[in-house]
Amino acid sequence: MLDSRFLASPPGPVAGVILAGGQARRLGGGDKGDIEIGGRSILARLIDTLAPQVAILALNAHGDGGRFGPLGLPVLNDDLGAVGPLGGILAGLEWAAAGGYSWLLTVPTDTPFLPPDLVLRLALGLDRGPAAIAASGGRHHPVIGLWPVHLAASLRQLLVTEGRRKVQDWTELCGAAVVAWPELAIDPFINVNTAEDRALAEGLAAVPGPRTAAIVLPDKESGRDLLAEFAAWAAGRGLRLGGLIQRGHHDAVMVDLEAGTNFPIMQNLGRDGGCAIDTQAVAAASMVVRGAIERRRDLVVVNKFGALEAEGNGLADEMLMAMAEDIPLLTTVSVGRLDAWLGYCGGMCQLLPPDGAALRHWAERTVTASAR
């Protein structure tokens, strides 16, 4: 189950390091991160993707770090010399620990399409191991990992005392869990090493990613206020929103974002029966979502992927309909139902922390760009 620390706002416990030591020898030399894909350098793409996911970001690079000065990021050197990517991971672990961070995210500098929910998805693997690495298409990507900083001592021992430099040795030693990504239109971990890789990446740069997002909530917490605040912000930006948000708890109603109509969804079962969801009211409210899809609103909001939806009922059909029509969809899901949600959408979504800034950032990248 996802540790609630990774739902913090901002993501306080996680520092990030881009391993920028690779040289683009098969592409004429120089720093790999300077290679442009779709008119932007890979490093610029990485910083834009990673900065919202971590509390602080740094580079690990050899030579004069001054060449990275315009980026405004700390530059870490390997004190062990050229020992490969593990040297950069070690430098990052020790730097993060000294800064008071509990976790380190590491990524290579030649991956232009890293997912915007990399930290959250890697964190899903931490119930199976003390660290987590990414995988896609049947391949492991051991440099793309989430590591607890207390592993620095064992990594230093591996490098200095045992003289071992293979990243696979390290991931096996520390018992890192493997987190597999779904098959998407673009493998988010494609790297650029050759002219052929670069040409492929250029062709993929304009391919849009999933336009569905789910705000991941700690169990028993509600995203009602967050969604209401976001809806007000989005309306102020001129976005045409449709769908439903929830107000209240025991006397909960779903509110039509366009017409303002209330749909009471709880029925009182009497003194001994308590309350239960009124499925007929939910069915009536579902027509609001269907109407928003038919009118192709800029964004369809469904208040949550809850118990009914996890069973294939409630608003499940309407959510699938929005995805099939490629209309941006936003919902919320509790940590306890996250596996059910990922199975339901086939992993074709972006996971968001319960943070207004992260939500607005997603909307700017996914919704407003397509609405222009």
# chains A, B, ... in the order shown; residues from 1 in each chain; ligands from 1

call {"tool": "select_by_dssp", "arguments": {"residues": "stretch 29-246 of chain A", "states": "alpha helix (DSSP H)", "output": "number ranges by chain"}}
result
A: 42-50, 85-98, 118-123, 152-156, 167-174, 195-204, 224-236

call {"tool": "select_by_dssp", "arguments": {"residues": "stretch 170-344 of chain A", "states": "strand (DSSP E or B)", "output": "number ranges by chain"}}
result
A: 177-180, 212-217, 241-247, 253-256, 262-264, 266-268, 275-277, 299-302, 329-334

call {"tool": "closest_residue", "arguments": {"among": "A:Leu86, A:Leu244, A:Val333, A:Leu71", "to": "A:Pro108", "atoms": "only C-alpha atoms"}}
result
A:Leu86

call {"tool": "residues_around", "arguments": {"residues": "A:Thr49", "least_positions_apart": "5", "cutoff": "9 Å", "atoms": "only C-alpha atoms", "output": "tab-separated table (two decimals) with C-alpha atoms, in the first residue's frame"}}
result
chain	number	residue	atom	x	y	z
A	44	ALA	CA	14.94	20.89	-19.62
A	113	PHE	CA	9.75	11.07	-21.58
A	114	LEU	CA	9.81	10.17	-17.88
A	115	PRO	CA	6.31	9.92	-16.35
A	116	PRO	CA	5.00	12.83	-14.29
A	117	ASP	CA	3.90	10.42	-11.54

call {"tool": "atom_distance", "arguments": {"atom1": "atom CA of A:Gly81", "atom2": "atom CA of A:Ala55"}}
result
27.3 Å

call {"tool": "atom_distance", "arguments": {"atom1": "atom CA of A:Phe6", "atom2": "atom CA of A:Val192"}}
result
29.5 Å

call {"tool": "closest_residue", "arguments": {"among": "A:Arg40, A:Leu104, A:Arg295, A:Glu196", "to": "A:Ala58", "atoms": "only C-alpha atoms"}}
result
A:Leu104

call {"tool": "residues_around", "arguments": {"residues": "A:Val302", "least_positions_apart": "3", "cutoff": "12 Å", "atoms": "only C-alpha atoms", "output": "PyMOL selection string"}}
result
chain A and resi 212-215+223-224+227-228+231+241-246+254-257+282+285-290+292-293+299+305-306+309+314-320+322+328-333
